[in-house]
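Structure file my_file-v2.txt with compact mmCIF, C-alpha atoms and all ligand atoms:
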# COMPACT_ATOMS: atom_id res chain seq x y z
CA MET Y 1 0.00 0.00 0.00
CA ARG Y 2 1.23 3.46 -0.91
CA ILE Y 3 0.83 6.57 1.26
CA ILE Y 4 0.22 9.72 -0.77
CA ARG Y 5 0.09 13.22 0.70
CA THR Y 6 -0.40 15.56 -2.25
CA ILE Y 7 -3.24 16.23 -4.66
CA PRO Y 8 -1.12 16.07 -7.85
CA GLU Y 9 0.23 12.65 -6.84
CA ILE Y 10 -3.16 11.13 -6.05
CA ARG Y 11 -4.57 12.58 -9.27
CA ALA Y 12 -1.75 10.97 -11.26
CA VAL Y 13 -2.36 7.54 -9.70
CA VAL Y 14 -6.13 7.72 -10.12
CA GLY Y 15 -5.72 9.06 -13.67
CA ALA Y 16 -3.54 6.08 -14.59
CA ALA Y 17 -6.08 3.67 -13.08
CA ARG Y 18 -8.87 5.31 -15.02
CA ALA Y 19 -6.87 5.14 -18.25
CA ALA Y 20 -6.59 1.39 -17.58
CA ARG Y 21 -10.40 1.28 -17.20
CA GLN Y 22 -10.20 0.53 -13.49
CA ARG Y 23 -13.01 1.46 -11.13
CA VAL Y 24 -12.00 3.65 -8.23
CA GLY Y 25 -13.44 3.22 -4.72
CA LEU Y 26 -13.02 5.87 -2.02
CA VAL Y 27 -13.43 5.40 1.72
CA PRO Y 28 -13.30 8.84 3.37
CA THR Y 29 -12.13 8.62 6.99
CA MET Y 30 -10.62 10.61 9.82
CA GLY Y 31 -8.47 7.65 10.88
CA ALA Y 32 -8.43 5.83 14.26
CA PHE Y 33 -9.68 2.79 12.41
CA HIS Y 34 -12.02 0.25 13.96
CA ASP Y 35 -13.87 -2.60 12.33
CA GLY Y 36 -16.51 -0.19 11.02
CA HIS Y 37 -13.88 1.52 8.87
CA LEU Y 38 -12.33 -1.81 7.92
CA SER Y 39 -15.69 -3.16 6.76
CA LEU Y 40 -15.98 -0.19 4.37
CA MET Y 41 -12.49 -0.92 3.04
CA ARG Y 42 -13.36 -4.59 2.54
CA GLU Y 43 -16.50 -3.58 0.68
CA ALA Y 44 -14.52 -1.21 -1.54
CA ARG Y 45 -11.90 -3.94 -2.12
CA ALA Y 46 -14.60 -6.41 -3.16
CA HIS Y 47 -16.26 -4.08 -5.67
CA THR Y 48 -13.67 -1.70 -7.09
CA ASP Y 49 -10.20 -2.03 -8.65
CA LEU Y 50 -8.30 0.83 -7.04
CA VAL Y 51 -9.16 1.37 -3.38
CA VAL Y 52 -8.29 4.78 -1.96
CA VAL Y 53 -8.77 5.50 1.75
CA SER Y 54 -8.49 9.13 2.75
CA LEU Y 55 -7.21 9.88 6.24
CA PHE Y 56 -7.77 13.50 7.17
CA VAL Y 57 -8.95 14.82 10.54
CA ASN Y 58 -10.98 17.62 9.04
CA PRO Y 59 -10.68 20.68 11.30
CA THR Y 60 -13.68 22.50 9.82
CA GLN Y 61 -16.21 19.95 11.07
CA PHE Y 62 -15.16 20.38 14.72
CA GLY Y 63 -16.51 23.20 16.89
CA PRO Y 64 -14.27 25.27 19.17
CA ASN Y 65 -15.31 23.23 22.22
CA GLU Y 66 -15.05 19.85 20.51
CA ASP Y 67 -12.32 17.23 20.44
CA LEU Y 68 -10.19 18.22 17.41
CA ALA Y 69 -6.99 18.42 19.48
CA SER Y 70 -7.57 15.13 21.30
CA TYR Y 71 -9.10 13.20 18.39
CA PRO Y 72 -7.20 9.88 18.29
CA ARG Y 73 -4.42 9.88 15.69
CA ASP Y 74 -2.13 6.94 14.88
CA GLU Y 75 -1.25 6.95 11.21
CA ALA Y 76 1.22 4.06 11.45
CA ARG Y 77 -1.42 1.77 12.99
CA ASP Y 78 -4.05 2.94 10.50
CA ALA Y 79 -1.69 2.33 7.57
CA GLU Y 80 -0.99 -1.18 8.84
CA LEU Y 81 -4.71 -1.98 9.16
CA ALA Y 82 -5.59 -0.48 5.78
CA GLY Y 83 -2.80 -2.47 4.15
CA GLN Y 84 -4.20 -5.66 5.69
CA GLN Y 85 -7.57 -4.96 4.01
CA GLY Y 86 -5.89 -4.73 0.60
CA VAL Y 87 -6.22 -0.95 0.31
CA ASP Y 88 -4.07 0.41 -2.53
CA ILE Y 89 -3.63 4.05 -1.50
CA LEU Y 90 -3.81 5.83 1.84
CA PHE Y 91 -4.34 9.48 0.95
CA ALA Y 92 -3.17 11.38 4.03
CA PRO Y 93 -2.81 15.07 3.16
CA ASP Y 94 -1.96 17.75 5.69
CA ALA Y 95 -4.36 20.60 6.42
CA ALA Y 96 -2.59 23.06 4.09
CA GLU Y 97 -3.00 20.66 1.16
CA ILE Y 98 -6.78 20.60 1.66
CA TYR Y 99 -7.26 24.18 2.90
CA PRO Y 100 -4.52 26.28 1.31
CA GLU Y 101 -4.05 29.94 2.20
CA GLY Y 102 -7.06 31.89 0.93
CA PHE Y 103 -9.48 28.95 0.87
CA ALA Y 104 -12.92 30.59 0.85
CA THR Y 105 -15.57 28.10 -0.26
CA SER Y 106 -18.11 26.24 1.82
CA ILE Y 107 -20.81 23.78 0.80
CA HIS Y 108 -24.04 24.18 2.74
CA VAL Y 109 -26.96 21.77 2.41
CA THR Y 110 -30.13 23.36 3.72
CA GLY Y 111 -32.85 21.49 5.59
CA LEU Y 112 -31.22 18.12 6.21
CA THR Y 113 -28.37 19.72 8.17
CA GLU Y 114 -30.57 21.78 10.45
CA VAL Y 115 -31.81 18.94 12.66
CA LEU Y 116 -30.28 16.18 14.81
CA ASP Y 117 -26.47 16.60 14.78
CA GLY Y 118 -26.73 19.85 12.81
CA ALA Y 119 -28.89 21.35 15.54
CA ALA Y 120 -26.95 19.77 18.42
CA ARG Y 121 -23.43 20.57 17.19
CA GLY Y 122 -24.13 23.65 15.05
CA ALA Y 123 -24.35 24.37 11.32
CA PHE Y 124 -20.54 24.41 10.97
CA HIS Y 125 -20.43 20.63 11.42
CA PHE Y 126 -22.20 19.55 8.25
CA ASP Y 127 -20.79 22.51 6.32
CA GLY Y 128 -17.35 21.16 7.20
CA VAL Y 129 -18.30 17.60 6.28
CA ALA Y 130 -20.01 18.67 3.04
CA THR Y 131 -17.08 20.81 1.97
CA VAL Y 132 -14.36 18.26 2.64
CA VAL Y 133 -16.32 15.36 1.12
CA THR Y 134 -17.05 17.42 -2.00
CA LYS Y 135 -13.34 18.27 -2.21
CA LEU Y 136 -12.38 14.60 -1.81
CA PHE Y 137 -14.78 13.69 -4.60
CA GLY Y 138 -13.16 16.42 -6.75
CA ILE Y 139 -9.64 15.22 -5.91
CA VAL Y 140 -10.11 11.45 -6.15
CA ALA Y 141 -13.04 11.34 -8.60
CA PRO Y 142 -14.20 7.94 -7.29
CA ASP Y 143 -16.78 5.78 -9.03
CA VAL Y 144 -18.08 4.64 -5.65
CA ALA Y 145 -17.68 6.14 -2.17
CA TYR Y 146 -18.33 4.15 1.00
CA PHE Y 147 -19.78 5.59 4.22
CA GLY Y 148 -20.96 4.05 7.47
CA GLN Y 149 -24.65 4.06 8.30
CA LYS Y 150 -23.77 5.01 11.89
CA ASP Y 151 -23.51 8.55 10.53
CA ALA Y 152 -26.93 8.22 8.89
CA GLN Y 153 -27.50 11.97 8.64
CA GLN Y 154 -24.06 12.40 7.06
CA VAL Y 155 -24.94 9.78 4.45
CA MET Y 156 -28.15 11.66 3.63
CA VAL Y 157 -26.28 14.95 3.34
CA VAL Y 158 -23.67 13.40 1.03
CA ARG Y 159 -26.35 11.80 -1.14
CA ARG Y 160 -28.08 15.18 -1.42
CA ILE Y 161 -24.84 16.88 -2.50
CA VAL Y 162 -24.29 14.21 -5.14
CA ARG Y 163 -27.82 14.65 -6.42
CA ASP Y 164 -27.90 18.44 -6.32
CA LEU Y 165 -24.44 18.97 -7.83
CA ASN Y 166 -24.77 16.12 -10.37
CA LEU Y 167 -21.63 14.44 -9.11
CA ASP Y 168 -20.76 11.23 -10.90
CA VAL Y 169 -20.23 9.02 -7.85
CA ARG Y 170 -22.33 6.25 -6.30
CA ILE Y 171 -22.75 6.39 -2.54
CA GLU Y 172 -22.78 3.11 -0.65
CA ALA Y 173 -23.93 3.13 2.97
CA CYS Y 174 -22.70 0.10 4.93
CA PRO Y 175 -24.24 -1.32 8.11
CA ILE Y 176 -23.26 -0.19 11.58
CA MET Y 177 -20.61 -2.45 13.07
CA ARG Y 178 -21.24 -3.24 16.73
CA GLU Y 179 -19.24 -4.63 19.63
CA PRO Y 180 -20.52 -8.00 20.95
CA ASP Y 181 -22.60 -6.12 23.58
CA GLY Y 182 -24.21 -3.95 20.90
CA LEU Y 183 -22.25 -0.71 21.33
CA ALA Y 184 -21.80 0.89 17.91
CA MET Y 185 -18.12 1.02 16.97
CA SER Y 186 -16.73 4.53 17.04
CA SER Y 187 -13.30 6.10 17.18
CA ARG Y 188 -14.59 8.04 20.19
CA ASN Y 189 -15.30 4.87 22.23
CA ILE Y 190 -11.69 5.11 23.48
CA TYR Y 191 -12.79 8.09 25.60
CA LEU Y 192 -15.02 5.75 27.67
CA ASP Y 193 -13.74 4.57 31.04
CA PRO Y 194 -14.98 1.11 32.15
CA ALA Y 195 -18.10 2.46 33.90
CA ALA Y 196 -19.04 4.71 30.97
CA ARG Y 197 -18.29 1.88 28.53
CA GLN Y 198 -20.86 -0.26 30.37
CA GLN Y 199 -23.36 2.62 30.54
CA ALA Y 200 -22.95 3.26 26.80
CA THR Y 201 -24.48 -0.13 25.95
CA ALA Y 202 -27.83 1.44 26.87
CA LEU Y 203 -27.86 3.37 23.60
CA ASN Y 204 -28.28 0.29 21.45
CA ARG Y 205 -30.56 -1.36 24.02
CA ALA Y 206 -32.77 1.73 23.89
CA LEU Y 207 -32.94 1.63 20.10
CA ASP Y 208 -33.64 -2.11 20.24
CA ALA Y 209 -36.49 -1.53 22.69
CA ALA Y 210 -38.06 1.05 20.38
CA ALA Y 211 -37.57 -1.22 17.36
CA ALA Y 212 -39.32 -4.04 19.23
CA VAL Y 213 -42.29 -1.81 20.03
CA HIS Y 214 -42.43 -0.79 16.37
CA ALA Y 215 -42.13 -4.40 15.20
CA ASN Y 216 -45.08 -5.25 17.47
CA GLY Y 217 -47.21 -2.86 15.45
CA GLU Y 218 -46.96 0.43 17.33
CA ARG Y 219 -47.07 3.33 14.85
CA ASP Y 220 -47.35 6.29 17.21
CA ALA Y 221 -43.95 8.01 17.05
CA ALA Y 222 -44.05 9.36 20.61
CA ARG Y 223 -44.78 5.90 22.06
CA ILE Y 224 -41.95 4.33 20.07
CA VAL Y 225 -39.52 7.02 21.21
CA ASP Y 226 -40.73 6.64 24.81
CA ALA Y 227 -39.70 2.98 24.78
CA ALA Y 228 -36.14 4.06 24.02
CA ARG Y 229 -36.23 6.99 26.46
CA THR Y 230 -37.17 4.67 29.32
CA VAL Y 231 -34.12 2.46 28.73
CA LEU Y 232 -31.84 5.51 28.57
CA ALA Y 233 -33.34 6.94 31.76
CA ASP Y 234 -32.86 3.62 33.57
CA ALA Y 235 -29.18 3.79 32.58
CA GLY Y 236 -28.88 7.39 33.77
CA ILE Y 237 -28.47 8.80 30.26
CA GLU Y 238 -30.10 12.09 29.27
CA PRO Y 239 -29.95 12.17 25.45
CA GLU Y 240 -28.90 15.30 23.56
CA TYR Y 241 -31.52 14.19 21.12
CA LEU Y 242 -33.62 11.07 20.64
CA GLU Y 243 -35.80 11.50 17.60
CA LEU Y 244 -37.76 9.52 15.09
CA ARG Y 245 -37.67 11.11 11.65
CA SER Y 246 -38.50 10.11 8.12
CA ASN Y 247 -35.64 8.29 6.45
CA ASP Y 248 -35.87 10.26 3.23
CA ASP Y 249 -35.85 13.92 4.29
CA LEU Y 250 -35.60 13.81 8.10
CA ARG Y 251 -38.98 15.47 8.59
CA THR Y 252 -40.56 14.91 12.00
CA LEU Y 253 -43.13 12.14 12.22
CA ASP Y 254 -46.24 11.78 14.34
CA ARG Y 255 -46.88 8.33 12.98
CA VAL Y 256 -44.46 5.84 11.45
CA GLU Y 257 -45.89 4.41 8.27
CA GLY Y 258 -42.78 4.07 6.02
CA ASP Y 259 -39.07 3.80 6.76
CA ALA Y 260 -38.05 5.89 9.72
CA LEU Y 261 -34.75 6.75 11.35
CA LEU Y 262 -34.56 6.58 15.12
CA ALA Y 263 -31.44 8.56 16.01
CA VAL Y 264 -29.82 9.26 19.36
CA ALA Y 265 -26.92 11.35 20.58
CA ALA Y 266 -25.77 11.42 24.18
CA ARG Y 267 -22.81 12.29 26.32
CA VAL Y 268 -21.67 9.21 28.16
CA GLY Y 269 -18.69 9.81 30.43
CA ALA Y 270 -16.12 11.73 28.37
CA ALA Y 271 -17.56 10.73 25.00
CA ARG Y 272 -20.30 12.14 22.84
CA LEU Y 273 -21.82 9.13 21.10
CA ILE Y 274 -24.36 8.76 18.32
CA ASP Y 275 -26.28 5.72 17.16
CA ASN Y 276 -29.38 4.93 15.12
CA HIS Y 277 -31.71 2.22 13.95
CA LEU Y 278 -33.60 2.24 10.71
CA LEU Y 279 -37.18 1.14 11.33
CA LYS Y 280 -38.24 -0.44 8.07
CA GLY Y 281 -41.87 0.07 7.13
CA GLY Y 282 -43.26 -2.72 9.30
CA THR Y 283 -40.28 -4.97 10.06
CA GLY Y 284 -37.98 -2.88 12.24
CA CYS Y 285 -34.50 -3.87 11.09
CA ASP Y 286 -31.29 -2.16 10.01
CA ALA Y 287 -30.51 -1.39 6.37
CA PRO Y 288 -28.16 -3.72 4.48
CA CYS Y 289 -25.09 -2.34 2.65
O1 LIG W 1 -17.27 10.23 8.88
C1 LIG W 1 -16.14 10.76 8.93
O2 LIG W 1 -15.16 10.18 9.39
C2 LIG W 1 -15.99 12.19 8.43
O3 LIG W 1 -17.10 12.95 8.71
C3 LIG W 1 -15.63 12.27 6.93
C4 LIG W 1 -16.76 11.72 6.08
C5 LIG W 1 -14.36 11.50 6.67
C6 LIG W 1 -15.41 13.71 6.54
O4 LIG W 1 -14.36 14.28 7.26

As structure tokens - that is how I would like this structure written.
Amino acid sequence: MRIIRTIPEIRAVVGAARAARQRVGLVPTMGAFHDGHLSLMREARAHTDLVVVSLFVNPTQFGPNEDLASYPRDEARDAELAGQQGVDILFAPDAAEIYPEGFATSIHVTGLTEVLDGAARGAFHFDGVATVVTKLFGIVAPDVAYFGQKDAQQVMVVRRIVRDLNLDVRIEACPIMREPDGLAMSSRNIYLDPAARQQATALNRALDAAAAVHANGERDAARIVDAARTVLADAGIEPEYLELRSNDDLRTLDRVEGDALLAVAARVGAARLIDNHLLKGGTGCDAPC
């Protein structure tokens, strides 16, 4: 596996692959790989010819009081893991390569970014994500880009950018990878001490409880959400948000008739965690890749 740090170099490699009629897969990441990231790489490896993983801790998607400085960074470990998945290129630019002096453009997606994490963290978050992902698509020009469904709202925002800007890339959303006790894998799980790690399992249990109520035929959104809220309360967790929204445009729902996204964010110990379940119109199970 090759590590590339500059835009001209990655363009040259991708250009050569394209000239050889190879399909290019991109896995955008901020590093600190866990099995969720690795599953995206494996998916890209299985379906594309040249697999590029970007590793860039994007400063513009972090707020002033967030964890940019402490975000886990270990490029050597990440490179080792990516190499084991058969990744061809680790694109690891520095901040000046992505945001050179005078950089003045921002991508803003209205509507979708104003709820859930956009409301909880602030508009800057999805503007930062949208801008860097659009840049990565411009730099790497992938045929397919792979994202984790744990960041369900991010996937929706990226799909909307692709649609609205007519970008020639297919977006694949891959299932949430979970620890054996159900905790969604996240680079931020390392912030959890043993007590918080145990407490954090309540997030998935809460979503499971709501999914069970839904699978039993309940269609009233407030009752479904209440089932999750009770589990969180029992675990001593006050969610930042716990909301059931439509899975196409994130509008609020009074009743759940089609696919709906039940999303939660909560501070547990030193970590801010997010998780979600997709309630399929009637069956209550997660989306496949
Ligand atoms: O999901 C992430 O790790 C980041 O938001 C992304 C998509 C790599 C953009 O910085």

Original post:
Using all atoms listed in the file, which of the listed residues (Y:Val268, Y:Ala12, Y:Ile274, Y:Ile3) sits closest to Ala92 (chain Y)?
Top reply: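 Nearest to Ala92 (chain Y): Y:Ile3.
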
Residues at most 12 Å from Lys135 (chain Y), counting all atoms listed in the file, excluding those fewer than 6 positions away in the same chain, as a list in words?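 Contacts, with the query itself left out: Ile7, Pro28, Ser54, Phe56, Asn58, Glu97, Ile98, Tyr99, Phe103, Thr105, Ser106, Ile107, Gly128, Val129, Ala141, Pro142, Val158, Ile161 and Leu167 of chain Y.
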
Do a neighbour search on Ile139 (chain Y) at 12 Å with all atoms listed in the file, toss out local chain neighbours closer than 5 positions, and write the hits as a PyMOL selection string. chain Y and resi 5-15+26+28+52+54+91+93+97-98+132-134

With C-alpha atoms retained, write the just-selected residues as a CSV table (one decimal), keeping the file's coordinate frame.
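File produced: again.csv:
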chain,number,residue,atom,x,y,z
Y,5,ARG,CA,0.1,13.2,0.7
Y,6,THR,CA,-0.4,15.6,-2.2
Y,7,ILE,CA,-3.2,16.2,-4.7
Y,8,PRO,CA,-1.1,16.1,-7.8
Y,9,GLU,CA,0.2,12.6,-6.8
Y,10,ILE,CA,-3.2,11.1,-6.0
Y,11,ARG,CA,-4.6,12.6,-9.3
Y,12,ALA,CA,-1.8,11.0,-11.3
Y,13,VAL,CA,-2.4,7.5,-9.7
Y,14,VAL,CA,-6.1,7.7,-10.1
Y,15,GLY,CA,-5.7,9.1,-13.7
Y,26,LEU,CA,-13.0,5.9,-2.0
Y,28,PRO,CA,-13.3,8.8,3.4
Y,52,VAL,CA,-8.3,4.8,-2.0
Y,54,SER,CA,-8.5,9.1,2.8
Y,91,PHE,CA,-4.3,9.5,1.0
Y,93,PRO,CA,-2.8,15.1,3.2
Y,97,GLU,CA,-3.0,20.7,1.2
Y,98,ILE,CA,-6.8,20.6,1.7
Y,132,VAL,CA,-14.4,18.3,2.6
Y,133,VAL,CA,-16.3,15.4,1.1
Y,134,THR,CA,-17.0,17.4,-2.0

For Leu81 (chain Y): contacts at 12 Å, all atoms listed in the file, fewer than 3 positions along chain excluded, given as a list in words: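 Surrounding residues, per the criterion: Met1, Gly31, Ala32, Phe33, His34, Asp35, His37, Leu38, Ser39, Met41, Arg42, Val53, Asp74, Glu75, Ala76, Arg77, Asp78, Gln84, Gln85, Gly86, Val87, Asp88 and Leu90 of chain Y.
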
Computed gap from CA of Gly148 (chain Y) to CA of Ala130 (chain Y) is 15.3 Å

Which residues, written as a PDB file with C-alpha atoms, keeping the file's coordinate frame, have at least one atom at most 7 Å from Ser246 (chain Y), with only C-alpha atoms counted and residues fewer than 4 positions away on the same chain left out?
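And here's part.pdb as it stands now:
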ATOM      1  CA  LEU Y 250     -35.600  13.810   8.100  1.00  0.00           C
ATOM      2  CA  ARG Y 251     -38.980  15.470   8.590  1.00  0.00           C
ATOM      3  CA  THR Y 252     -40.560  14.910  12.000  1.00  0.00           C
ATOM      4  CA  LEU Y 253     -43.130  12.140  12.220  1.00  0.00           C
ATOM      5  CA  ASP Y 259     -39.070   3.800   6.760  1.00  0.00           C
ATOM      6  CA  ALA Y 260     -38.050   5.890   9.720  1.00  0.00           C
ATOM      7  CA  LEU Y 261     -34.750   6.750  11.350  1.00  0.00           C
TER       8      LEU Y 261
END

Enclose ligand LIG 1 (chain W), meaning all of its atoms listed in the file, in a box aligned along x, y and z, pad it by 6 Å on each side, and list the centre and edge lengths in Å to one decimal, as AutoDock Vina command-line options.
--center_x -15.8 --center_y 12.2 --center_z 7.7 --size_x 14.9 --size_y 16.1 --size_z 15.3

Closest of Y:Arg188, Y:His47, Y:Arg178, Y:Arg219 to Thr201 (chain Y), counting all atoms listed in the file, is Y:Arg178

Pairwise distance, CA of Ala222 (chain Y) with CA of Glu243 (chain Y), equals 9.0 Å

Give as a PyMOL selection string each residue that has an atom at most 12 Å from (-30.6, -1.4, 24.9) in the file, counting only C-alpha atoms.
chain Y and resi 181-184+198-212+227-235+237+275-277

Separating CA of Ile171 (chain Y) from CA of Val155 (chain Y), to the nearest tenth of an Å, is a gap of 8.1 Å

Practice item. Tell me which of Y:Leu55, Y:Ala270, Y:Ala221, Y:Leu116 sits closest to ligand LIG 1 (chain W), counting only C-alpha atoms and all ligand atoms. Key: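 Once distances to ligand LIG 1 (chain W) are computed over only C-alpha atoms and all ligand atoms, the minimum belongs to Y:Leu55.
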
- prompt: Looking at only C-alpha atoms and all ligand atoms, which of Y:Asn65, Y:Gln149, Y:Asn189, Y:Thr113 is the one that sits closest to ligand LIG 1 (chain W)?
  reply: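 Checking each candidate against ligand LIG 1 (chain W), we get Y:Gln149 as the closest.
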
For this session: Give the answer as one residue: which of Y:Lys150, Y:Val57, Y:Arg121, Y:Ala263 has the shortest atom-to-atom distance to Asp94 (chain Y), using all atoms listed in the file?
Result: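 Nearest candidate to Asp94 (chain Y) out of Y:Lys150, Y:Val57, Y:Arg121, Y:Ala263: Y:Val57.
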
*Choose the residue, out of Y:Ala96, Y:Ile89, Y:Met30, Y:Val144, that has the smallest atom-to-atom separation from ligand LIG 1 (chain W); count only C-alpha atoms and all ligand atoms.*
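Of the candidates, the smallest distance to ligand LIG 1 (chain W) is held by Y:Met30.
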